[in-house]
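Everything on this sheet refers to the single structure shown next.
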Amino acid sequence: MSDLKNVVVVGLGFAGLSSAKAIAAGLPATHRVVVINEYNFAYNPPASLRAATVPGWEDKVTVPLTAVFPKDSRHVVLGGVKVVQLGAESIKLEKAVEGFGSEIPFEYAVIATGSSYATPTRIAQGAETEADVWKTLKEFQSDVKDAESVLVVGGGATGVEFAAEVASQHKGKKVTLVHSADRLFAHKDFKSALGNNLASQLKKKGVKIVFNSKVDPKGLETGKIPKQTFALSDGSSVEADFLFIGHGWKPNSEVVSTLDPALINDGGFVRVTPTLQLKSAIGAYDHIFAAGDVNDVPVRLVPSSLRSPSPPFLPFLSLRDVLEPPDESRRSKKLTHLSTTHRR
């Protein structure tokens, strides 16, 4: 058994991968990062919408587990295994892993289990390998290219991003975005100027936006569909042969609920402090953090295809200031939150 103290990261989506790398870069030699991931590869959801529309991008959304840390690193990635229970000082796995067993103690933990969403923003059901993921994304690319009319339901970050990607890649293609509010990014945390600016940019790309209206997707899922007419709640209609549903996701907070159900709010999100520590009345879990979609931080990103070609912001977590103190006082110190989190 290793004498190294563990900093566990659960999940290798956008937040988990970025967090694991950033934490590893700042740890003293007495500690190591142990990443646990359900799949045998990492998946980057923010890149998936471009990968679903732009040929050549399909293999940019996955990262081999061997590439997470350098080959000679003391840090470890355990793939193909789920965490079934979170304790105050350890996590339990669904099965034993060589060298670790079925329970792994930790001094600090980052829960980055993300959220459940439809493909392509999440791995397709049944996909087990990177090749499976790439195949699915190539099929999306082909279906989007062949579509005569694309209907996007929802004007949050995901819907806006997908509409922008399609319009950018396939100039002249009919793209309609239906949104129930009177502006994009209508959440109270955003100024109206943001939504208005995004709408202006989408319109310049040729996207038709229908505000204050809803559409019944007829039980259909995102993807290629038989050409049909959808009735909107404002009395108008839209014909489409490709449907993208940009809402209906939920946070994957089940593991945190096994520690304490009170840590989960009514929306299913993990309650956190401004420094992303689990929010408990007595600060009992200050050494456990929740990053990304699973937490209740109401922050969203402006879609990258409506900005510059630069990648989206990265959610960085640094434990340098936490781990340097030699005694238990370190647990009361705050985690340095260097950036933002991707959210719907």
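Chains: A, B, ... in order of the structure tokens. Residues: from 1 per chain. Ligands: from 1, in order shown.
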
Applying 7 Å and only C-alpha atoms, which residues near Ala52 of chain A remain after dropping the ones on its own chain fewer than 3 positions away? List them as a list in words.
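So, after excluding close chain neighbours, the residues are Ser48, Leu49, Glu58, Pro120, Leu137, Lys138, Phe140 and Gln141 of chain A.
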
What residues in segment 106-169 of chain A get the DSSP label strand (DSSP E)? Please answer as a ChimeraX atom specification.
/A:108-111,115-116,149-153

With N, CA and C atoms retained, could you export that selection as a PDB file, in the first residue's frame?
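To be explicit, this is the file written out as selection21.pdb:
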ATOM      1  N   TYR A 108      -8.552  14.617   0.601  1.00  0.00           N
ATOM      2  CA  TYR A 108      -9.385  15.598  -0.087  1.00  0.00           C
ATOM      3  C   TYR A 108     -10.065  14.903  -1.254  1.00  0.00           C
ATOM      4  N   ALA A 109     -11.215  15.422  -1.650  1.00  0.00           N
ATOM      5  CA  ALA A 109     -11.922  14.829  -2.788  1.00  0.00           C
ATOM      6  C   ALA A 109     -12.596  15.922  -3.604  1.00  0.00           C
ATOM      7  N   VAL A 110     -12.655  15.691  -4.900  1.00  0.00           N
ATOM      8  CA  VAL A 110     -13.381  16.574  -5.819  1.00  0.00           C
ATOM      9  C   VAL A 110     -14.406  15.717  -6.557  1.00  0.00           C
ATOM     10  N   ILE A 111     -15.666  16.065  -6.402  1.00  0.00           N
ATOM     11  CA  ILE A 111     -16.738  15.344  -7.087  1.00  0.00           C
ATOM     12  C   ILE A 111     -17.063  16.105  -8.364  1.00  0.00           C
ATOM     13  N   SER A 115     -23.454  15.961 -15.340  1.00  0.00           N
ATOM     14  CA  SER A 115     -24.904  15.882 -15.468  1.00  0.00           C
ATOM     15  C   SER A 115     -25.276  14.901 -16.570  1.00  0.00           C
ATOM     16  N   SER A 116     -26.521  14.476 -16.536  1.00  0.00           N
ATOM     17  CA  SER A 116     -27.034  13.586 -17.577  1.00  0.00           C
ATOM     18  C   SER A 116     -27.687  14.423 -18.661  1.00  0.00           C
ATOM     19  N   SER A 149     -33.707  21.077 -42.799  1.00  0.00           N
ATOM     20  CA  SER A 149     -34.144  22.059 -41.806  1.00  0.00           C
ATOM     21  C   SER A 149     -33.882  21.529 -40.404  1.00  0.00           C
ATOM     22  N   VAL A 150     -33.161  22.310 -39.605  1.00  0.00           N
ATOM     23  CA  VAL A 150     -32.796  21.913 -38.248  1.00  0.00           C
ATOM     24  C   VAL A 150     -33.619  22.715 -37.243  1.00  0.00           C
ATOM     25  N   LEU A 151     -34.278  22.016 -36.319  1.00  0.00           N
ATOM     26  CA  LEU A 151     -35.047  22.667 -35.262  1.00  0.00           C
ATOM     27  C   LEU A 151     -34.316  22.486 -33.939  1.00  0.00           C
ATOM     28  N   VAL A 152     -33.991  23.607 -33.291  1.00  0.00           N
ATOM     29  CA  VAL A 152     -33.317  23.592 -31.994  1.00  0.00           C
ATOM     30  C   VAL A 152     -34.311  24.059 -30.940  1.00  0.00           C
ATOM     31  N   VAL A 153     -34.540  23.241 -29.928  1.00  0.00           N
ATOM     32  CA  VAL A 153     -35.494  23.569 -28.871  1.00  0.00           C
ATOM     33  C   VAL A 153     -34.725  23.974 -27.619  1.00  0.00           C
TER      34      VAL A 153
END

All residues 12 Å or closer to Gly195 of chain A, only C-alpha atoms, same chain fewer than 6 positions away omitted, as a PyMOL selection string
chain A and resi 155-157+160+179+181-189+201-202+209+211+301-303+306

To one decimal place, how far is atom CA of Ala88 of chain A from atom CA of Leu259 of chain A in Å?
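That distance, rounded to one decimal, is 7.0 Å.
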
Closest contacts (segment 196-305 of chain A/segment 166-177 of chain A, max 12 Å, only C-alpha atoms) as JSON lines:
{"residue": "A:Ala199", "atom": "CA", "partner": "A:Leu177", "partner_atom": "CA", "distance": 10.1}
{"residue": "A:Gln201", "atom": "CA", "partner": "A:Ala167", "partner_atom": "CA", "distance": 10.7}
{"residue": "A:Leu202", "atom": "CA", "partner": "A:Ala167", "partner_atom": "CA", "distance": 8.1}
{"residue": "A:Lys203", "atom": "CA", "partner": "A:Ala167", "partner_atom": "CA", "distance": 9.6}
{"residue": "A:Lys204", "atom": "CA", "partner": "A:Ala167", "partner_atom": "CA", "distance": 9.6}
{"residue": "A:Lys205", "atom": "CA", "partner": "A:Ala167", "partner_atom": "CA", "distance": 5.8}
{"residue": "A:Gly206", "atom": "CA", "partner": "A:Ala167", "partner_atom": "CA", "distance": 6.7}
{"residue": "A:Val207", "atom": "CA", "partner": "A:Val175", "partner_atom": "CA", "distance": 5.1}
{"residue": "A:Lys208", "atom": "CA", "partner": "A:Thr176", "partner_atom": "CA", "distance": 4.7}
{"residue": "A:Ile209", "atom": "CA", "partner": "A:Leu177", "partner_atom": "CA", "distance": 4.8}
{"residue": "A:Val210", "atom": "CA", "partner": "A:Leu177", "partner_atom": "CA", "distance": 6.2}
{"residue": "A:Phe211", "atom": "CA", "partner": "A:Leu177", "partner_atom": "CA", "distance": 8.4}
{"residue": "A:Asn212", "atom": "CA", "partner": "A:Leu177", "partner_atom": "CA", "distance": 11.3}
{"residue": "A:Ser213", "atom": "CA", "partner": "A:Leu177", "partner_atom": "CA", "distance": 10.1}
{"residue": "A:Lys214", "atom": "CA", "partner": "A:Leu177", "partner_atom": "CA", "distance": 10.3}
{"residue": "A:Val215", "atom": "CA", "partner": "A:Leu177", "partner_atom": "CA", "distance": 10.3}
{"residue": "A:Phe230", "atom": "CA", "partner": "A:Thr176", "partner_atom": "CA", "distance": 11.4}
{"residue": "A:Leu232", "atom": "CA", "partner": "A:Leu177", "partner_atom": "CA", "distance": 11.5}
{"residue": "A:Ser237", "atom": "CA", "partner": "A:Thr176", "partner_atom": "CA", "distance": 10.6}
{"residue": "A:Val238", "atom": "CA", "partner": "A:Thr176", "partner_atom": "CA", "distance": 7.8}
{"residue": "A:Glu239", "atom": "CA", "partner": "A:Thr176", "partner_atom": "CA", "distance": 9.3}
{"residue": "A:Ala240", "atom": "CA", "partner": "A:Thr176", "partner_atom": "CA", "distance": 8.8}
{"residue": "A:Asp241", "atom": "CA", "partner": "A:Lys174", "partner_atom": "CA", "distance": 10.5}
{"residue": "A:Phe242", "atom": "CA", "partner": "A:Val175", "partner_atom": "CA", "distance": 9.6}
{"residue": "A:Leu243", "atom": "CA", "partner": "A:Thr176", "partner_atom": "CA", "distance": 10.0}
{"residue": "A:Phe244", "atom": "CA", "partner": "A:Leu177", "partner_atom": "CA", "distance": 9.3}
{"residue": "A:Ile245", "atom": "CA", "partner": "A:Leu177", "partner_atom": "CA", "distance": 10.0}
{"residue": "A:Gly246", "atom": "CA", "partner": "A:Leu177", "partner_atom": "CA", "distance": 9.8}
{"residue": "A:Ser304", "atom": "CA", "partner": "A:Ser168", "partner_atom": "CA", "distance": 11.8}
{"residue": "A:Ser305", "atom": "CA", "partner": "A:Ser168", "partner_atom": "CA", "distance": 8.0}

Could the residues in this selection be saved with N, CA and C atoms as a PDB file, in the first residue's frame?
ATOM      1  N   ALA A 199     -28.321  36.813 -29.676  1.00  0.00           N
ATOM      2  CA  ALA A 199     -29.380  36.710 -30.681  1.00  0.00           C
ATOM      3  C   ALA A 199     -28.975  37.418 -31.965  1.00  0.00           C
ATOM      4  N   GLN A 201     -25.950  37.891 -33.082  1.00  0.00           N
ATOM      5  CA  GLN A 201     -24.927  37.109 -33.774  1.00  0.00           C
ATOM      6  C   GLN A 201     -25.521  35.885 -34.464  1.00  0.00           C
ATOM      7  N   LEU A 202     -26.476  35.240 -33.805  1.00  0.00           N
ATOM      8  CA  LEU A 202     -27.129  34.088 -34.427  1.00  0.00           C
ATOM      9  C   LEU A 202     -27.878  34.493 -35.692  1.00  0.00           C
ATOM     10  N   LYS A 203     -28.570  35.609 -35.612  1.00  0.00           N
ATOM     11  CA  LYS A 203     -29.329  36.075 -36.776  1.00  0.00           C
ATOM     12  C   LYS A 203     -28.396  36.400 -37.940  1.00  0.00           C
ATOM     13  N   LYS A 204     -27.226  36.949 -37.626  1.00  0.00           N
ATOM     14  CA  LYS A 204     -26.251  37.234 -38.680  1.00  0.00           C
ATOM     15  C   LYS A 204     -25.772  35.949 -39.348  1.00  0.00           C
ATOM     16  N   LYS A 205     -25.802  34.863 -38.588  1.00  0.00           N
ATOM     17  CA  LYS A 205     -25.412  33.570 -39.142  1.00  0.00           C
ATOM     18  C   LYS A 205     -26.562  32.896 -39.884  1.00  0.00           C
ATOM     19  N   GLY A 206     -27.729  33.543 -39.876  1.00  0.00           N
ATOM     20  CA  GLY A 206     -28.871  33.003 -40.603  1.00  0.00           C
ATOM     21  C   GLY A 206     -29.838  32.191 -39.777  1.00  0.00           C
ATOM     22  N   VAL A 207     -29.662  32.169 -38.463  1.00  0.00           N
ATOM     23  CA  VAL A 207     -30.551  31.406 -37.590  1.00  0.00           C
ATOM     24  C   VAL A 207     -31.828  32.200 -37.316  1.00  0.00           C
ATOM     25  N   LYS A 208     -32.974  31.554 -37.485  1.00  0.00           N
ATOM     26  CA  LYS A 208     -34.254  32.168 -37.149  1.00  0.00           C
ATOM     27  C   LYS A 208     -34.563  31.848 -35.693  1.00  0.00           C
ATOM     28  N   ILE A 209     -34.885  32.876 -34.905  1.00  0.00           N
ATOM     29  CA  ILE A 209     -35.185  32.679 -33.489  1.00  0.00           C
ATOM     30  C   ILE A 209     -36.652  33.003 -33.233  1.00  0.00           C
ATOM     31  N   VAL A 210     -37.346  32.081 -32.590  1.00  0.00           N
ATOM     32  CA  VAL A 210     -38.741  32.291 -32.212  1.00  0.00           C
ATOM     33  C   VAL A 210     -38.794  32.390 -30.693  1.00  0.00           C
ATOM     34  N   PHE A 211     -39.041  33.596 -30.178  1.00  0.00           N
ATOM     35  CA  PHE A 211     -39.102  33.816 -28.739  1.00  0.00           C
ATOM     36  C   PHE A 211     -40.517  33.590 -28.207  1.00  0.00           C
ATOM     37  N   ASN A 212     -40.610  33.455 -26.883  1.00  0.00           N
ATOM     38  CA  ASN A 212     -41.896  33.335 -26.191  1.00  0.00           C
ATOM     39  C   ASN A 212     -42.771  32.242 -26.788  1.00  0.00           C
ATOM     40  N   SER A 213     -42.156  31.142 -27.105  1.00  0.00           N
ATOM     41  CA  SER A 213     -42.918  30.048 -27.702  1.00  0.00           C
ATOM     42  C   SER A 213     -42.331  28.710 -27.270  1.00  0.00           C
ATOM     43  N   LYS A 214     -43.178  27.704 -27.274  1.00  0.00           N
ATOM     44  CA  LYS A 214     -42.750  26.360 -26.915  1.00  0.00           C
ATOM     45  C   LYS A 214     -43.125  25.398 -28.033  1.00  0.00           C
ATOM     46  N   VAL A 215     -42.423  24.266 -28.051  1.00  0.00           N
ATOM     47  CA  VAL A 215     -42.695  23.255 -29.063  1.00  0.00           C
ATOM     48  C   VAL A 215     -42.751  21.888 -28.396  1.00  0.00           C
ATOM     49  N   PHE A 230     -43.848  20.864 -36.829  1.00  0.00           N
ATOM     50  CA  PHE A 230     -44.049  21.021 -35.392  1.00  0.00           C
ATOM     51  C   PHE A 230     -44.869  22.284 -35.137  1.00  0.00           C
ATOM     52  N   LEU A 232     -46.065  25.303 -32.905  1.00  0.00           N
ATOM     53  CA  LEU A 232     -45.541  26.082 -31.786  1.00  0.00           C
ATOM     54  C   LEU A 232     -46.684  26.681 -30.986  1.00  0.00           C
ATOM     55  N   SER A 237     -45.657  27.476 -36.955  1.00  0.00           N
ATOM     56  CA  SER A 237     -45.188  26.099 -37.092  1.00  0.00           C
ATOM     57  C   SER A 237     -43.804  26.085 -37.736  1.00  0.00           C
ATOM     58  N   VAL A 238     -43.095  24.981 -37.526  1.00  0.00           N
ATOM     59  CA  VAL A 238     -41.750  24.819 -38.079  1.00  0.00           C
ATOM     60  C   VAL A 238     -41.625  23.418 -38.660  1.00  0.00           C
ATOM     61  N   GLU A 239     -41.132  23.338 -39.875  1.00  0.00           N
ATOM     62  CA  GLU A 239     -40.880  22.038 -40.492  1.00  0.00           C
ATOM     63  C   GLU A 239     -39.412  21.682 -40.277  1.00  0.00           C
ATOM     64  N   ALA A 240     -39.140  20.441 -39.923  1.00  0.00           N
ATOM     65  CA  ALA A 240     -37.757  20.034 -39.666  1.00  0.00           C
ATOM     66  C   ALA A 240     -37.560  18.550 -39.938  1.00  0.00           C
ATOM     67  N   ASP A 241     -36.327  18.206 -40.309  1.00  0.00           N
ATOM     68  CA  ASP A 241     -35.957  16.796 -40.433  1.00  0.00           C
ATOM     69  C   ASP A 241     -34.726  16.468 -39.584  1.00  0.00           C
ATOM     70  N   PHE A 242     -34.366  17.418 -38.714  1.00  0.00           N
ATOM     71  CA  PHE A 242     -33.347  17.168 -37.695  1.00  0.00           C
ATOM     72  C   PHE A 242     -33.757  17.955 -36.460  1.00  0.00           C
ATOM     73  N   LEU A 243     -33.754  17.275 -35.310  1.00  0.00           N
ATOM     74  CA  LEU A 243     -34.202  17.885 -34.062  1.00  0.00           C
ATOM     75  C   LEU A 243     -33.073  17.879 -33.037  1.00  0.00           C
ATOM     76  N   PHE A 244     -32.903  19.024 -32.371  1.00  0.00           N
ATOM     77  CA  PHE A 244     -31.934  19.103 -31.279  1.00  0.00           C
ATOM     78  C   PHE A 244     -32.653  19.645 -30.058  1.00  0.00           C
ATOM     79  N   ILE A 245     -32.677  18.868 -28.988  1.00  0.00           N
ATOM     80  CA  ILE A 245     -33.347  19.285 -27.754  1.00  0.00           C
ATOM     81  C   ILE A 245     -32.296  19.797 -26.776  1.00  0.00           C
ATOM     82  N   GLY A 246     -32.342  21.095 -26.509  1.00  0.00           N
ATOM     83  CA  GLY A 246     -31.325  21.732 -25.676  1.00  0.00           C
ATOM     84  C   GLY A 246     -31.747  21.952 -24.244  1.00  0.00           C
ATOM     85  N   SER A 304     -18.711  29.140 -27.400  1.00  0.00           N
ATOM     86  CA  SER A 304     -17.426  29.477 -28.009  1.00  0.00           C
ATOM     87  C   SER A 304     -17.543  29.847 -29.477  1.00  0.00           C
ATOM     88  N   SER A 305     -18.491  29.254 -30.192  1.00  0.00           N
ATOM     89  CA  SER A 305     -18.576  29.546 -31.619  1.00  0.00           C
ATOM     90  C   SER A 305     -19.184  30.918 -31.891  1.00  0.00           C
TER      91      SER A 305
END

Need to verify the contact set: segment 71-86 of chain A, 8 Å, only C-alpha atoms, exclusion of same-chain residues closer than 3 positions in sequence. Can you return it as an NGL selection string?
:A and (10 or 24 or 32-41 or 65-68 or 90-95 or 97 or 255-256 or 258-259)

As a check of understanding: the span from atom CA of Leu4 of chain A to atom CA of Pro105 of chain A is 10.7 Å

Compare A:Trp249, A:Trp57, A:Phe289, A:Phe106 by their minimum atom-to-atom distance to Arg122 of chain A, counting only C-alpha atoms, and give me the closest one.
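Nearest to Arg122 of chain A: A:Trp249.
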
Expressed in Å to a single decimal, how great is the separation between atom CA of Ile104 of chain A and atom CA of Thr129 of chain A?
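Distance between the two atoms: 25.6 Å.
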
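Candidate residues A:Ser280, A:Gln228, A:Asn197, A:Ser180 were compared for distance to Asn265 of chain A, and the nearest is A:Ser280, using only C-alpha atoms.
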
Identify which of the residues A:Ala147, A:Ala281, A:Asp216, A:Ala29 lies closest to Asp260 of chain A, counting only C-alpha atoms when measuring atom-to-atom distances.
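Looking only at the distances to Asp260 of chain A, the closest residue turns out to be A:Ala281.
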
Within 10 Å of segment 269-272 of chain A, counting only C-alpha atoms, which residues qualify if same-chain residues fewer than 2 places away don't, as number ranges by chain?
A: 111, 115, 250-254, 256-257, 261-267, 274-280, 286, 288-291, 293-297

Got time to write the residues from that selection, N, CA and C atoms, as a short mmCIF file (atom, residue, chain, number, x, y, z; two decimals), in the first residue's frame?
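Below is the file that was written, out_2.cif:
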data_model
loop_
_atom_site.label_atom_id
_atom_site.label_comp_id
_atom_site.auth_asym_id
_atom_site.auth_seq_id
_atom_site.Cartn_x
_atom_site.Cartn_y
_atom_site.Cartn_z
N ILE A 111 -15.67 16.06 -6.40
CA ILE A 111 -16.74 15.34 -7.09
C ILE A 111 -17.06 16.10 -8.36
N SER A 115 -23.45 15.96 -15.34
CA SER A 115 -24.90 15.88 -15.47
C SER A 115 -25.28 14.90 -16.57
N LYS A 250 -30.08 16.75 -16.10
CA LYS A 250 -30.13 16.75 -14.64
C LYS A 250 -28.75 16.43 -14.07
N PRO A 251 -28.43 17.01 -12.91
CA PRO A 251 -27.11 16.78 -12.30
C PRO A 251 -26.97 15.35 -11.77
N ASN A 252 -25.77 14.80 -11.89
CA ASN A 252 -25.49 13.46 -11.37
C ASN A 252 -24.97 13.56 -9.93
N SER A 253 -25.88 13.81 -9.03
CA SER A 253 -25.50 14.07 -7.63
C SER A 253 -25.75 12.90 -6.70
N GLU A 254 -26.11 11.75 -7.26
CA GLU A 254 -26.48 10.61 -6.43
C GLU A 254 -25.38 10.20 -5.45
N VAL A 256 -23.08 12.01 -4.01
CA VAL A 256 -22.99 12.94 -2.87
C VAL A 256 -24.14 12.71 -1.90
N SER A 257 -25.30 12.34 -2.41
CA SER A 257 -26.44 12.09 -1.53
C SER A 257 -26.20 10.90 -0.61
N PRO A 261 -27.93 13.43 2.39
CA PRO A 261 -28.99 13.90 1.50
C PRO A 261 -29.22 15.41 1.60
N ALA A 262 -28.89 16.00 2.75
CA ALA A 262 -29.10 17.43 2.95
C ALA A 262 -28.16 18.27 2.09
N LEU A 263 -27.14 17.65 1.51
CA LEU A 263 -26.22 18.38 0.64
C LEU A 263 -26.80 18.63 -0.75
N ILE A 264 -27.95 18.04 -1.04
CA ILE A 264 -28.58 18.18 -2.35
C ILE A 264 -29.76 19.13 -2.26
N ASN A 265 -29.81 20.14 -3.15
CA ASN A 265 -30.93 21.08 -3.12
C ASN A 265 -32.13 20.53 -3.88
N ASP A 266 -33.21 21.29 -3.92
CA ASP A 266 -34.45 20.81 -4.54
C ASP A 266 -34.30 20.51 -6.02
N GLY A 267 -33.32 21.15 -6.67
CA GLY A 267 -33.10 20.91 -8.09
C GLY A 267 -32.19 19.74 -8.37
N PRO A 274 -18.93 29.39 -1.92
CA PRO A 274 -18.33 30.11 -3.06
C PRO A 274 -17.00 29.51 -3.51
N THR A 275 -16.34 28.74 -2.63
CA THR A 275 -15.08 28.09 -3.00
C THR A 275 -15.29 26.63 -3.37
N LEU A 276 -16.53 26.26 -3.65
CA LEU A 276 -16.90 24.93 -4.14
C LEU A 276 -16.77 23.80 -3.13
N GLN A 277 -16.64 24.13 -1.86
CA GLN A 277 -16.64 23.10 -0.83
C GLN A 277 -18.08 22.69 -0.53
N LEU A 278 -18.30 21.41 -0.18
CA LEU A 278 -19.65 20.98 0.15
C LEU A 278 -20.18 21.82 1.30
N LYS A 279 -21.39 22.29 1.14
CA LYS A 279 -21.95 23.25 2.10
C LYS A 279 -22.75 22.54 3.17
N SER A 280 -22.15 22.42 4.35
CA SER A 280 -22.84 21.81 5.49
C SER A 280 -22.90 22.81 6.62
N ASP A 286 -15.53 20.36 4.55
CA ASP A 286 -14.73 21.40 3.90
C ASP A 286 -13.61 20.82 3.05
N ILE A 288 -14.06 18.36 0.96
CA ILE A 288 -14.67 17.75 -0.23
C ILE A 288 -15.27 18.86 -1.09
N PHE A 289 -15.02 18.80 -2.38
CA PHE A 289 -15.45 19.84 -3.30
C PHE A 289 -16.32 19.25 -4.42
N ALA A 290 -17.15 20.08 -5.00
CA ALA A 290 -17.97 19.67 -6.15
C ALA A 290 -17.72 20.66 -7.28
N ALA A 291 -17.29 20.15 -8.43
CA ALA A 291 -16.93 21.02 -9.55
C ALA A 291 -17.80 20.72 -10.76
N ASP A 293 -20.99 20.85 -13.57
CA ASP A 293 -22.45 20.85 -13.64
C ASP A 293 -23.15 20.33 -12.40
N VAL A 294 -22.48 19.51 -11.62
CA VAL A 294 -23.14 18.88 -10.48
C VAL A 294 -23.40 19.86 -9.34
N ASN A 295 -22.66 20.98 -9.28
CA ASN A 295 -22.85 21.90 -8.16
C ASN A 295 -23.93 22.94 -8.46
N ASP A 296 -24.28 23.71 -7.44
CA ASP A 296 -25.38 24.66 -7.58
C ASP A 296 -24.93 26.08 -7.92
N VAL A 297 -23.71 26.23 -8.43
CA VAL A 297 -23.23 27.55 -8.84
C VAL A 297 -23.93 27.94 -10.14
#

Just list the residues in segment 16-162 of chain A DSSP gives alpha helix (DSSP H) on the backbone, as a ChimeraX atom specification.
/A:16-26,45-51,130-146,157-162
